[in-house]
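So this block is protein.txt, compact mmCIF, C-alpha atoms:
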# COMPACT_ATOMS: atom_id res chain seq x y z
CA MET B 105 -53.07 -33.54 -6.28
CA SER B 106 -51.59 -35.79 -3.72
CA ALA B 107 -54.73 -35.15 -1.72
CA ASP B 108 -56.62 -36.90 -4.50
CA VAL B 109 -54.49 -39.94 -4.15
CA ALA B 110 -54.86 -39.97 -0.41
CA SER B 111 -58.60 -39.61 -0.58
CA ASN B 112 -58.91 -42.72 -2.64
CA PRO B 113 -59.50 -45.36 -0.01
CA LYS B 114 -59.14 -48.36 -2.25
CA GLY B 115 -55.63 -47.42 -3.16
CA GLY B 116 -55.97 -48.61 -6.68
CA GLY B 117 -55.92 -45.11 -8.05
CA LYS B 118 -53.54 -44.15 -10.71
CA GLN B 119 -50.78 -41.97 -9.43
CA LYS B 120 -50.68 -38.82 -11.42
CA LYS B 121 -47.33 -37.56 -12.54
CA ILE B 122 -47.16 -33.94 -11.78
CA ASN B 123 -44.83 -31.68 -13.54
CA VAL B 124 -42.86 -30.06 -10.75
CA ARG B 125 -40.98 -27.44 -12.58
CA VAL B 126 -39.91 -24.42 -10.63
CA ASP B 127 -39.25 -21.28 -12.56
CA PHE B 128 -35.73 -20.17 -11.73
CA THR B 129 -35.83 -16.91 -13.65
CA PRO B 130 -36.50 -14.66 -10.64
CA MET B 131 -33.72 -16.40 -8.77
CA VAL B 132 -31.33 -15.77 -11.63
CA ASP B 133 -32.40 -12.14 -11.70
CA MET B 134 -31.63 -11.76 -8.05
CA MET B 135 -28.28 -13.49 -8.43
CA MET B 136 -27.34 -11.17 -11.24
CA LEU B 137 -28.14 -8.21 -9.06
CA LEU B 138 -26.08 -9.52 -6.19
CA ILE B 139 -23.12 -10.29 -8.42
CA THR B 140 -23.26 -6.83 -9.94
CA PHE B 141 -23.32 -5.38 -6.46
CA PHE B 142 -20.30 -7.36 -5.36
CA MET B 143 -18.39 -6.61 -8.51
CA LEU B 144 -18.89 -2.89 -8.14
CA CYS B 145 -18.50 -2.48 -4.41
CA THR B 146 -15.55 -4.70 -3.69
CA SER B 147 -12.02 -4.88 -4.88
CA LEU B 148 -10.52 -8.18 -5.85
CA ALA B 149 -6.86 -7.38 -5.88
CA LYS B 150 -5.20 -6.41 -2.68
CA PRO B 151 -2.72 -3.62 -3.22
CA GLN B 152 0.96 -4.38 -3.15
CA THR B 153 3.19 -2.95 -0.50
CA MET B 154 6.80 -2.26 -0.04
CA GLU B 155 8.39 -2.79 3.30
CA LEU B 156 10.58 0.03 4.43
CA SER B 157 12.64 0.28 7.55
CA MET B 158 13.88 3.72 8.37
CA PRO B 159 16.85 4.43 10.58
CA SER B 160 15.94 5.50 14.05
CA ASN B 161 16.04 9.20 14.80
CA ASP B 162 18.14 8.36 17.82
CA LYS B 163 21.36 10.30 17.34
CA ASN B 164 23.60 7.82 19.17
CA LEU B 165 22.78 4.95 16.86
CA GLN B 166 23.26 6.76 13.61
CA ASN B 167 26.93 7.53 13.85
CA GLU B 168 27.79 3.92 14.59
CA ASP B 169 25.97 2.62 11.54
CA ARG B 170 27.43 5.11 9.15
CA SER B 171 31.06 4.26 9.56
CA VAL B 172 30.61 0.62 8.61
CA THR B 173 31.04 0.63 4.85
CA LYS B 174 33.96 1.67 2.71
CA ALA B 175 33.40 4.62 0.44
CA SER B 176 33.84 2.67 -2.77
CA TYR B 177 31.12 0.27 -1.67
CA THR B 178 28.70 3.14 -1.48
CA ILE B 179 26.63 5.00 -4.03
CA THR B 180 24.73 8.10 -3.01
CA VAL B 181 21.64 8.78 -5.07
CA TYR B 182 19.96 12.17 -5.10
CA VAL B 183 16.33 12.15 -6.10
CA ALA B 184 15.34 15.63 -7.16
CA GLY B 185 12.20 17.25 -8.49
CA ASN B 186 11.13 17.24 -12.16
CA ASP B 187 12.04 13.54 -12.36
CA LYS B 188 15.74 14.33 -12.20
CA ILE B 189 18.18 11.98 -10.59
CA PHE B 190 21.83 12.45 -9.66
CA TYR B 191 24.37 10.16 -8.13
CA VAL B 192 27.77 10.17 -6.51
CA SER B 193 29.98 7.11 -6.65
CA GLY B 194 31.01 6.74 -3.08
CA LEU B 195 30.29 9.23 -0.40
CA PRO B 196 29.71 12.79 -1.58
CA LYS B 197 32.76 15.04 -1.59
CA TYR B 198 31.25 18.35 -0.76
CA ASP B 199 34.24 20.43 -1.85
CA ASP B 200 34.30 18.85 -5.30
CA PRO B 201 31.12 19.49 -7.30
CA THR B 202 32.28 17.34 -10.21
CA CYS B 203 31.64 14.16 -8.25
CA LEU B 204 27.91 14.70 -8.76
CA LYS B 205 26.68 13.22 -12.01
CA GLU B 206 23.28 13.33 -13.59
CA THR B 207 21.61 10.21 -14.90
CA THR B 208 18.14 9.08 -15.90
CA TRP B 209 15.55 6.78 -14.41
CA GLY B 210 15.21 3.21 -15.51
CA LYS B 211 17.18 0.47 -17.12
CA ASN B 212 19.77 2.49 -19.00
CA GLY B 213 20.21 5.13 -16.37
CA ILE B 214 20.54 4.57 -12.69
CA ARG B 215 20.36 0.78 -12.91
CA LYS B 216 23.32 0.73 -15.28
CA VAL B 217 25.20 2.89 -12.80
CA PHE B 218 24.61 0.34 -10.06
CA MET B 219 25.44 -2.64 -12.20
CA THR B 220 28.62 -1.27 -13.69
CA HIS B 221 29.93 0.17 -10.46
CA VAL B 222 33.41 -1.16 -9.76
CA THR B 223 34.71 -1.06 -6.23
CA GLU B 224 38.27 -0.52 -5.04
CA ASP B 225 38.71 -4.30 -4.81
CA ASN B 226 37.84 -4.56 -8.50
CA THR B 227 34.51 -6.28 -7.92
CA GLN B 228 31.05 -5.55 -9.16
CA PRO B 229 28.88 -6.52 -6.20
CA VAL B 230 25.52 -5.50 -7.68
CA LEU B 231 26.15 -7.49 -10.83
CA GLN B 232 27.28 -10.53 -8.85
CA VAL B 233 24.27 -10.39 -6.59
CA MET B 234 21.90 -9.97 -9.52
CA LYS B 235 23.47 -12.92 -11.30
CA ALA B 236 23.06 -15.07 -8.21
CA LYS B 237 19.46 -13.98 -7.92
CA ALA B 238 18.77 -14.84 -11.56
CA GLU B 239 20.18 -18.32 -10.93
CA LEU B 240 18.00 -18.65 -7.87
CA ASP B 241 14.93 -17.48 -9.77
CA ALA B 242 15.54 -20.18 -12.38
CA GLN B 243 15.21 -22.84 -9.69
CA LYS B 244 12.35 -21.15 -7.93
CA ASP B 245 9.79 -23.73 -9.02
CA GLN B 246 11.64 -26.54 -7.35
CA MET B 247 11.76 -25.09 -3.89
CA PRO B 248 9.17 -24.02 -1.36
CA ASP B 249 8.64 -20.32 -0.76
CA THR B 250 10.27 -20.33 2.65
CA VAL B 251 13.50 -21.78 1.28
CA TYR B 252 13.43 -19.31 -1.57
CA SER B 253 13.06 -16.26 0.64
CA LYS B 254 15.76 -17.53 2.96
CA LYS B 255 18.18 -18.02 0.08
CA LEU B 256 17.23 -14.64 -1.33
CA SER B 257 18.04 -12.83 1.89
CA GLN B 258 21.34 -14.73 2.02
CA ILE B 259 22.19 -13.54 -1.46
CA LYS B 260 21.21 -10.00 -0.57
CA ALA B 261 23.58 -10.17 2.37
CA GLY B 262 26.37 -11.20 -0.02
CA GLU B 263 26.57 -14.92 0.77
CA LEU B 264 27.02 -16.33 -2.72
CA ASP B 265 27.87 -19.91 -3.74
CA ASN B 266 31.51 -19.04 -4.22
CA GLY B 267 32.03 -17.36 -0.89
CA LYS B 268 30.91 -14.24 0.82
CA ILE B 269 31.33 -10.89 -0.88
CA GLN B 270 30.85 -7.43 0.44
CA THR B 271 27.69 -5.86 -0.92
CA MET B 272 26.93 -2.32 -1.90
CA THR B 273 25.28 0.24 0.30
CA ILE B 274 23.02 2.72 -1.42
CA ILE B 275 22.13 5.99 0.22
CA ILE B 276 19.02 7.58 -1.20
CA LYS B 277 18.51 11.25 -0.54
CA ALA B 278 15.36 12.88 -1.78
CA THR B 279 14.81 16.60 -2.00
CA ASP B 280 11.60 18.25 -0.91
CA LYS B 281 10.60 18.86 -4.50
CA ALA B 282 10.79 15.19 -5.43
CA THR B 283 7.48 13.40 -5.66
CA TYR B 284 6.50 10.30 -3.78
CA LYS B 285 6.63 8.38 -7.04
CA ASN B 286 10.30 9.25 -7.51
CA VAL B 287 11.12 7.89 -4.08
CA ILE B 288 9.15 4.72 -4.71
CA ASP B 289 10.94 4.31 -8.04
CA ALA B 290 14.27 4.65 -6.30
CA LEU B 291 13.27 2.04 -3.73
CA ASP B 292 12.08 -0.10 -6.60
CA GLU B 293 15.54 -0.07 -8.13
CA MET B 294 16.79 -1.47 -4.82
CA GLN B 295 14.38 -4.37 -5.22
CA ILE B 296 15.33 -4.99 -8.81
CA CYS B 297 19.05 -4.84 -8.13
CA SER B 298 18.59 -6.92 -4.95
CA VAL B 299 20.43 -4.40 -2.87
CA GLY B 300 20.21 -5.51 0.71
CA LYS B 301 21.58 -2.42 2.34
CA TYR B 302 19.97 0.86 1.51
CA VAL B 303 18.90 3.82 3.49
CA LEU B 304 16.55 6.71 2.88
CA ASP B 305 18.38 9.68 4.26
CA LYS B 306 17.63 13.35 4.66
CA ILE B 307 19.23 16.09 2.60
CA ASN B 308 21.57 18.22 4.67
CA ALA B 309 22.86 21.71 3.98
CA ASP B 310 25.99 20.45 2.21
CA ASP B 311 23.93 18.22 -0.05
CA ALA B 312 21.71 21.15 -0.94
CA LYS B 313 24.77 23.24 -1.81
CA LEU B 314 26.15 20.44 -3.95
CA LEU B 315 22.86 20.07 -5.80
CA LYS B 316 22.70 23.79 -6.37
CA THR B 317 25.80 23.58 -8.56
CA LYS B 318 23.62 21.51 -10.90
CA GLY B 319 20.82 24.02 -10.72
CA VAL B 320 18.61 22.01 -8.40
CA GLU B 321 16.82 23.83 -5.64
CA MET O 251 -57.50 -18.95 -48.62
CA GLY O 252 -55.57 -20.91 -46.18
CA LYS O 253 -55.29 -19.30 -42.88
CA LEU O 254 -51.76 -19.16 -41.58
CA LYS O 255 -51.80 -20.63 -38.21
CA ILE O 256 -49.02 -19.71 -35.89
CA LYS O 257 -48.17 -22.56 -33.71
CA LYS O 258 -47.92 -21.58 -30.16
CA SER O 259 -45.18 -23.59 -28.66
CA ASP O 260 -44.27 -23.61 -25.06
CA VAL O 261 -40.69 -22.37 -24.83
CA TRP O 262 -39.58 -23.25 -21.40
CA ILE O 263 -35.94 -22.73 -20.73
CA ASP O 264 -34.52 -24.50 -17.81
CA MET O 265 -32.83 -21.90 -15.65
CA THR O 266 -31.35 -24.31 -13.15
CA PRO O 267 -27.85 -24.56 -14.67
CA MET O 268 -27.77 -20.81 -15.06
CA SER O 269 -28.61 -20.27 -11.45
CA ASP O 270 -25.98 -22.85 -10.51
CA VAL O 271 -23.34 -20.83 -12.28
CA MET O 272 -24.60 -17.65 -10.69
CA VAL O 273 -24.38 -19.07 -7.22
CA LEU O 274 -20.84 -20.21 -7.92
CA LEU O 275 -19.84 -16.79 -9.19
CA LEU O 276 -21.49 -15.10 -6.27
CA THR O 277 -19.71 -17.30 -3.79
CA PHE O 278 -16.42 -16.62 -5.51
CA PHE O 279 -16.88 -12.87 -5.32
CA MET O 280 -18.02 -12.98 -1.74
CA LEU O 281 -15.05 -15.01 -0.61
CA THR O 282 -12.22 -13.42 -2.55
CA SER O 283 -13.03 -9.75 -2.49
CA THR O 284 -12.83 -7.11 0.14
CA PHE O 285 -15.01 -4.08 0.37
CA VAL O 286 -13.67 -0.89 -1.06
CA LYS O 287 -13.22 1.68 1.63
CA ASN O 288 -14.77 4.97 0.88
CA GLU O 289 -11.82 7.30 0.85
CA PRO O 290 -12.52 11.00 1.08
CA VAL O 291 -9.74 11.83 -1.36
CA LYS O 292 -8.73 10.21 -4.59
CA VAL O 293 -5.28 8.75 -4.38
CA ASN O 294 -3.36 7.16 -7.23
CA GLN O 295 -0.58 5.24 -5.64
CA PRO O 296 2.62 4.77 -7.63
CA SER O 297 3.48 1.37 -9.00
CA SER O 298 6.35 -0.84 -7.95
CA VAL O 299 7.69 -4.31 -8.62
CA SER O 300 7.28 -5.35 -5.03
CA GLU O 301 4.92 -8.27 -4.59
CA ILE O 302 4.35 -8.24 -0.86
CA LYS O 303 0.70 -7.98 0.09
CA VAL O 304 -0.77 -5.67 2.68
CA PRO O 305 -1.14 -7.37 6.04
CA GLU O 306 -4.62 -8.72 6.68
CA LYS O 307 -5.38 -7.07 9.96
CA ASP O 308 -4.03 -4.70 12.59
CA VAL O 309 -3.25 -2.02 10.09
CA LEU O 310 -3.10 1.68 10.73
CA ASN O 311 -3.65 3.35 7.39
CA ILE O 312 -2.12 6.71 6.75
CA LEU O 313 -3.33 8.36 3.61
CA VAL O 314 -1.53 11.36 2.19
CA ASP O 315 -3.23 13.12 -0.68
CA LYS O 316 -1.82 15.29 -3.46
CA GLN O 317 -1.69 18.44 -1.36
CA GLY O 318 -0.21 16.56 1.56
CA LYS O 319 -3.33 16.39 3.71
CA VAL O 320 -3.14 13.44 6.06
CA PHE O 321 -5.99 11.08 6.76
CA MET O 322 -5.93 8.09 9.04
CA GLY O 323 -7.93 4.92 9.32
CA MET O 324 -7.98 1.61 11.14
CA ASP O 325 -9.49 -1.63 9.94
CA ASN O 326 -10.79 -3.02 13.20
CA GLN O 327 -14.07 -1.52 14.41
CA ASN O 328 -13.48 -2.44 18.04
CA ASP O 329 -10.04 -0.87 17.99
CA LEU O 330 -11.57 2.25 16.50
CA LEU O 331 -14.04 2.56 19.31
CA ALA O 332 -11.33 2.06 21.90
CA LEU O 333 -9.20 4.61 20.07
CA ILE O 334 -11.83 7.34 20.09
CA GLN O 335 -12.67 6.62 23.71
CA GLY O 336 -9.00 6.98 24.60
CA MET O 337 -8.67 10.15 22.57
CA ASN O 338 -11.78 11.53 24.18
CA GLU O 339 -10.27 11.06 27.61
CA THR O 340 -6.75 12.28 26.92
CA GLY O 341 -7.79 15.16 24.72
CA ASN O 342 -10.90 16.23 26.67
CA LEU O 343 -12.92 16.28 23.48
CA GLY O 344 -16.27 15.96 25.25
CA LEU O 345 -17.76 13.48 22.82
CA ASN O 346 -20.89 11.56 23.73
CA ALA O 347 -21.62 7.93 22.90
CA LEU O 348 -23.52 8.79 19.75
CA GLU O 349 -20.71 10.87 18.36
CA MET O 350 -18.22 8.12 19.07
CA LYS O 351 -20.46 5.66 17.31
CA LYS O 352 -20.44 7.94 14.31
CA PHE O 353 -16.68 8.18 14.41
CA GLN O 354 -16.51 4.40 14.42
CA THR O 355 -18.51 4.10 11.22
CA ASP O 356 -16.60 6.83 9.42
CA PRO O 357 -14.11 5.19 7.05
CA LEU O 358 -11.22 7.60 7.56
CA TRP O 359 -10.71 10.53 9.82
CA GLY O 360 -8.82 13.70 9.14
CA ILE O 361 -10.13 16.55 11.21
CA ARG O 362 -8.52 18.83 13.75
CA LEU O 363 -9.19 17.69 17.29
CA SER O 364 -10.80 21.01 18.14
CA SER O 365 -13.39 20.69 15.38
CA LEU O 366 -13.94 16.94 15.76
CA LYS O 367 -17.03 17.28 17.95
CA GLY O 368 -18.66 19.76 15.61
CA TYR O 369 -17.82 17.56 12.66
CA LEU O 370 -19.38 14.47 14.20
CA ASP O 371 -22.57 16.37 14.94
CA LEU O 372 -23.10 17.16 11.29
CA PRO O 373 -25.45 15.10 9.12
CA GLN O 374 -23.82 12.56 6.82
CA GLU O 375 -23.81 14.68 3.65
CA LYS O 376 -22.27 17.63 5.44
CA MET O 377 -19.59 15.36 6.89
CA THR O 378 -18.50 14.30 3.42
CA GLU O 379 -18.42 17.92 2.41
CA VAL O 380 -16.17 18.87 5.30
CA ILE O 381 -13.77 15.97 4.97
CA THR O 382 -13.28 16.56 1.25
CA GLY O 383 -12.88 20.29 1.84
CA ASN O 384 -9.71 22.27 2.28
CA GLU O 385 -9.84 22.37 6.05
CA ALA O 386 -9.55 18.61 6.40
CA GLY O 387 -6.42 16.66 7.29
CA VAL O 388 -4.72 15.70 10.54
CA PRO O 389 -2.31 18.53 11.44
CA LEU O 390 1.36 17.60 11.55
CA ASP O 391 2.54 20.69 13.36
CA SER O 392 3.60 20.16 16.90
CA ILE O 393 1.45 21.70 19.58
CA ASN O 394 3.50 24.09 21.75
CA GLY O 395 6.67 22.18 20.96
CA GLY O 396 5.13 18.90 22.06
CA LYS O 397 3.55 16.13 20.08
CA SER O 398 1.52 16.95 17.00
CA GLU O 399 -2.08 15.84 16.68
CA PHE O 400 -0.93 13.21 14.25
CA GLN O 401 1.45 11.83 16.83
CA LEU O 402 -1.29 11.88 19.45
CA TRP O 403 -3.46 9.72 17.22
CA VAL O 404 -0.62 7.28 16.57
CA THR O 405 0.22 7.11 20.27
CA GLU O 406 -3.37 6.31 21.09
CA ALA O 407 -3.58 3.72 18.31
CA LEU O 408 -0.47 2.04 19.68
CA LYS O 409 -2.00 2.02 23.12
CA VAL O 410 -5.09 0.29 21.78
CA ASN O 411 -3.19 -2.29 19.77
CA ASP O 412 0.53 -2.48 20.22
CA ASP O 413 1.36 -4.67 17.27
CA ILE O 414 -0.30 -2.43 14.78
CA LYS O 415 1.41 -2.10 11.42
CA ILE O 416 1.72 1.24 9.77
CA ALA O 417 0.76 1.41 6.13
CA ILE O 418 1.40 4.62 4.25
CA LYS O 419 -0.50 5.29 1.09
CA ALA O 420 0.26 8.42 -0.84
CA ASP O 421 -0.44 9.85 -4.24
CA ALA O 422 2.29 9.54 -6.85
CA THR O 423 2.49 13.32 -7.15
CA THR O 424 2.62 14.07 -3.44
CA PRO O 425 5.75 16.10 -2.70
CA TYR O 426 8.30 14.07 -0.80
CA GLN O 427 8.50 16.84 1.76
CA ARG O 428 5.14 15.83 3.24
CA ILE O 429 5.98 12.13 3.30
CA LYS O 430 9.27 12.99 4.96
CA LYS O 431 7.39 14.95 7.60
CA VAL O 432 5.03 12.04 8.26
CA MET O 433 7.91 9.58 8.43
CA SER O 434 10.05 11.73 10.64
CA GLU O 435 7.19 12.20 13.08
CA LEU O 436 6.78 8.45 13.18
CA GLN O 437 10.51 7.99 13.62
CA ASP O 438 10.40 10.35 16.58
CA MET O 439 8.05 7.85 18.16
CA ASN O 440 10.36 4.96 17.34
CA GLN O 441 8.09 3.59 14.65
CA ASN O 442 10.61 2.67 12.00
CA ARG O 443 8.90 0.03 9.89
CA TYR O 444 6.28 0.95 7.36
CA TYR O 445 4.40 -0.62 4.54
CA LEU O 446 4.28 1.64 1.56
CA ILE O 447 1.19 0.81 -0.45
CA THR O 448 1.77 0.65 -4.17
CA SER O 449 0.14 -0.98 -7.12
CA LEU O 450 1.78 -3.66 -9.21
CA LYS O 451 3.90 -2.39 -12.04
CA THR O 452 3.06 -3.86 -15.40
CA GLY O 453 4.82 -3.56 -18.70
CA GLU O 454 8.32 -4.29 -19.76
CA ASP O 455 10.23 -1.47 -18.11
CA LYS O 456 10.66 -3.19 -14.85
Is it possible to give me this structure as structure tokens?
Amino acid sequence: MSADVASNPKGGGKQKKINVRVDFTPMVDMMMLLITFFMLCTSLAKPQTMELSMPSNDKNLQNEDRSVTKASYTITVYVAGNDKIFYVSGLPKYDDPTCLKETTWGKNGIRKVFMTHVTEDNTQPVLQVMKAKAELDAQKDQMPDTVYSKKLSQIKAGELDNGKIQTMTIIIKATDKATYKNVIDALDEMQICSVGKYVLDKINADDAKLLKTKGVE
Amino acid sequence: MGKLKIKKSDVWIDMTPMSDVMVLLLTFFMLTSTFVKNEPVKVNQPSSVSEIKVPEKDVLNILVDKQGKVFMGMDNQNDLLALIQGMNETGNLGLNALEMKKFQTDPLWGIRLSSLKGYLDLPQEKMTEVITGNEAGVPLDSINGGKSEFQLWVTEALKVNDDIKIAIKADATTPYQRIKKVMSELQDMNQNRYYLITSLKTGEDK
């Protein structure tokens, strides 16, 4: 059409208005296909992770670390198969099977044990730490993430507003029959209760004997 | 009789806004999502309240399935090539360039070193069959009291990229015994920090 205009030498020709309308339907079709492809073949959410630091297998280091905490600042948790969970307040006394108590998973079970645990100095470290964390969470919006995580790790280490307290140490021991989910759940409780010091330890022969009194292989 | 005349009207819908939206959506998906890796085994990871994300790069993935078979994977293609070249040399696997190329494109590996060459020679469909079969999985047993094949792989991966992060992904029903074995082999090599891959827990029982 423009050729018509150009071929008119006098230039007085009427310029024709052409309807330039491109059909976008095929384009939309293609886009739909592409979007479907991306929706099916990719994952949007990245999975969560949990950071875990295990003690070194180096024998020399282990004995040093173990002697640090007082017994009443320790809870030993046994994660057994069939979703069973046992605990010992303090370090396990292998000659006294009654120290091993059974509890359940979740809010009214093991978490209650942690929260209500009273130490020899008549303190409840887990409860104190959780309270401090709740206060921190309330102000979370007003501070940048870096400040928040710094304060959180301070709280986990026992540095509260009204002075430093000694925090709990949790020893988690999982039997071979326990599932991976049980272990993750136990580690999860550590997160929820803001326990800074916890360790995933191996079951030894004495532990196995102790658990056997409760009928756990 | 009046003839009913149907008026033919030109219904032209303008598709431009639609295609605008489509392009936007497409761009969004392309930028935010990552490709799903084709895992040979189905793994349902347990959920947790932890909100830390998996590191973006330099990850050594260790996948443990329900029966405790171990698979490994790395995200960086160049590292993978270097890894298999290193393994080829130290383990005398006798792989040629084509086989190594195939290893590089395989999403996860989990085959005994002795049968690796034979596995890589197979056509693609057969490979999937083998890796999903019962014989698959990186062996955790130590060879003549030395390092296990699993440890050899990790050693080589560390040689290729020394700030690699270890991410363990296991099924919720995997017995802890197997995880313990994997972890203790890693601990023997002084690798004491792991990322345990979980999914976000929802619901009230947090």
Please, what distance in Å, to one decimal, runs between atom CA of Thr223 of chain B and atom CA of Ile189 of chain B? 21.5 Å
Closest pair table for chain O residues within 7 Å of chain B, only C-alpha atoms, as CSV:
residue,atom,partner,partner_atom,distance
O:Met265,CA,B:Phe128,CA,5.2
O:Thr266,CA,B:Phe128,CA,6.2
O:Ser269,CA,B:Val132,CA,5.3
O:Met272,CA,B:Met135,CA,6.0
O:Val273,CA,B:Met135,CA,6.9
O:Leu276,CA,B:Ile139,CA,5.5
O:Phe279,CA,B:Phe142,CA,6.5
O:Thr282,CA,B:Leu148,CA,6.4
O:Ser283,CA,B:Leu148,CA,4.5
O:Thr284,CA,B:Thr146,CA,5.3
O:Phe285,CA,B:Thr146,CA,4.1
O:Val286,CA,B:Thr146,CA,5.0
O:Pro296,CA,B:Lys285,CA,5.4
O:Ser298,CA,B:Asp292,CA,5.9
O:Val299,CA,B:Asp292,CA,6.4
O:Ser300,CA,B:Met154,CA,5.9
O:Glu301,CA,B:Gln152,CA,5.7
O:Ile302,CA,B:Thr153,CA,5.4
O:Lys303,CA,B:Gln152,CA,4.9
O:Val304,CA,B:Thr153,CA,5.8
O:Asp421,CA,B:Tyr284,CA,7.0
O:Ala422,CA,B:Lys285,CA,4.5
O:Thr423,CA,B:Thr283,CA,5.2
O:Thr424,CA,B:Thr283,CA,5.4
O:Pro425,CA,B:Thr283,CA,4.4
O:Tyr426,CA,B:Thr283,CA,5.0
O:Gln427,CA,B:Asp280,CA,4.3
O:Gln437,CA,B:Asn161,CA,5.8
O:Asp438,CA,B:Asn161,CA,6.0
O:Asn440,CA,B:Ser160,CA,6.5
O:Asn442,CA,B:Met158,CA,5.0
O:Arg443,CA,B:Ser157,CA,4.4
O:Tyr444,CA,B:Leu156,CA,5.3
O:Tyr445,CA,B:Glu155,CA,4.7
O:Leu446,CA,B:Met154,CA,4.9
O:Ile447,CA,B:Thr153,CA,4.3
O:Thr448,CA,B:Gln152,CA,5.2
O:Ser449,CA,B:Gln152,CA,5.3
O:Leu450,CA,B:Gln152,CA,6.2
Export of the given selection (C-alpha atoms) as a PDB file, in the frame of the given file:
ATOM      1  CA  MET O 265     -32.830 -21.900 -15.650  1.00  0.00           C
ATOM      2  CA  THR O 266     -31.350 -24.310 -13.150  1.00  0.00           C
ATOM      3  CA  SER O 269     -28.610 -20.270 -11.450  1.00  0.00           C
ATOM      4  CA  MET O 272     -24.600 -17.650 -10.690  1.00  0.00           C
ATOM      5  CA  VAL O 273     -24.380 -19.070  -7.220  1.00  0.00           C
ATOM      6  CA  LEU O 276     -21.490 -15.100  -6.270  1.00  0.00           C
ATOM      7  CA  PHE O 279     -16.880 -12.870  -5.320  1.00  0.00           C
ATOM      8  CA  THR O 282     -12.220 -13.420  -2.550  1.00  0.00           C
ATOM      9  CA  SER O 283     -13.030  -9.750  -2.490  1.00  0.00           C
ATOM     10  CA  THR O 284     -12.830  -7.110   0.140  1.00  0.00           C
ATOM     11  CA  PHE O 285     -15.010  -4.080   0.370  1.00  0.00           C
ATOM     12  CA  VAL O 286     -13.670  -0.890  -1.060  1.00  0.00           C
ATOM     13  CA  PRO O 296       2.620   4.770  -7.630  1.00  0.00           C
ATOM     14  CA  SER O 298       6.350  -0.840  -7.950  1.00  0.00           C
ATOM     15  CA  VAL O 299       7.690  -4.310  -8.620  1.00  0.00           C
ATOM     16  CA  SER O 300       7.280  -5.350  -5.030  1.00  0.00           C
ATOM     17  CA  GLU O 301       4.920  -8.270  -4.590  1.00  0.00           C
ATOM     18  CA  ILE O 302       4.350  -8.240  -0.860  1.00  0.00           C
ATOM     19  CA  LYS O 303       0.700  -7.980   0.090  1.00  0.00           C
ATOM     20  CA  VAL O 304      -0.770  -5.670   2.680  1.00  0.00           C
ATOM     21  CA  ASP O 421      -0.440   9.850  -4.240  1.00  0.00           C
ATOM     22  CA  ALA O 422       2.290   9.540  -6.850  1.00  0.00           C
ATOM     23  CA  THR O 423       2.490  13.320  -7.150  1.00  0.00           C
ATOM     24  CA  THR O 424       2.620  14.070  -3.440  1.00  0.00           C
ATOM     25  CA  PRO O 425       5.750  16.100  -2.700  1.00  0.00           C
ATOM     26  CA  TYR O 426       8.300  14.070  -0.800  1.00  0.00           C
ATOM     27  CA  GLN O 427       8.500  16.840   1.760  1.00  0.00           C
ATOM     28  CA  GLN O 437      10.510   7.990  13.620  1.00  0.00           C
ATOM     29  CA  ASP O 438      10.400  10.350  16.580  1.00  0.00           C
ATOM     30  CA  ASN O 440      10.360   4.960  17.340  1.00  0.00           C
ATOM     31  CA  ASN O 442      10.610   2.670  12.000  1.00  0.00           C
ATOM     32  CA  ARG O 443       8.900   0.030   9.890  1.00  0.00           C
ATOM     33  CA  TYR O 444       6.280   0.950   7.360  1.00  0.00           C
ATOM     34  CA  TYR O 445       4.400  -0.620   4.540  1.00  0.00           C
ATOM     35  CA  LEU O 446       4.280   1.640   1.560  1.00  0.00           C
ATOM     36  CA  ILE O 447       1.190   0.810  -0.450  1.00  0.00           C
ATOM     37  CA  THR O 448       1.770   0.650  -4.170  1.00  0.00           C
ATOM     38  CA  SER O 449       0.140  -0.980  -7.120  1.00  0.00           C
ATOM     39  CA  LEU O 450       1.780  -3.660  -9.210  1.00  0.00           C
TER      40      LEU O 450
END
Around all the atoms of segment 174-190 of chain B listed in the file, with 8 Å of room on each side, what axis-aligned box do you get, giving centre and edge lengths in Å to one decimal, as JSON?
{"center_x": 22.5, "center_y": 8.8, "center_z": -4.8, "size_x": 38.8, "size_y": 33.0, "size_z": 31.1}
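Computed from the coordinates, the atom CA of Asp356 of chain O to atom CA of Asp413 of chain O distance equals 22.7 Å.
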Shell around Gln335 of chain O at 10 Å using all atoms listed in the file, local window under 5 positions removed, as a ChimeraX atom specification: /O:329-330,340-341,343,345-347,350,406
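From atom CA of Pro229 of chain B back to atom CA of Ile269 of chain B, the distance works out to 7.3 Å.
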Give me the residues near Leu390 of chain O as a ChimeraX atom specification, where near means some atom within 10 Å (using all atoms listed in the file) and where sequence neighbours in that chain fewer than 2 positions away do not count. /O:319-320,387-388,392-393,397-401,428,431-432,435
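Candidate residues O:Leu254, O:Leu310, O:Pro305, O:Gln317 were compared for distance to Ile429 of chain O, and the nearest is O:Gln317, using only C-alpha atoms.
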So which residues touch segment 232-236 of chain B within 7 Å, counting all atoms listed in the file, skipping near sequence neighbours fewer than 4 positions away, as an MDAnalysis selection string? chainID B and resid 228 240 259:260 262 264 297:298
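In terms of minimum interatomic distance to Met433 of chain O, O:Ile416 ranks closest within O:Met337, O:Ile416, O:Val291, O:Val261, counting all atoms listed in the file.
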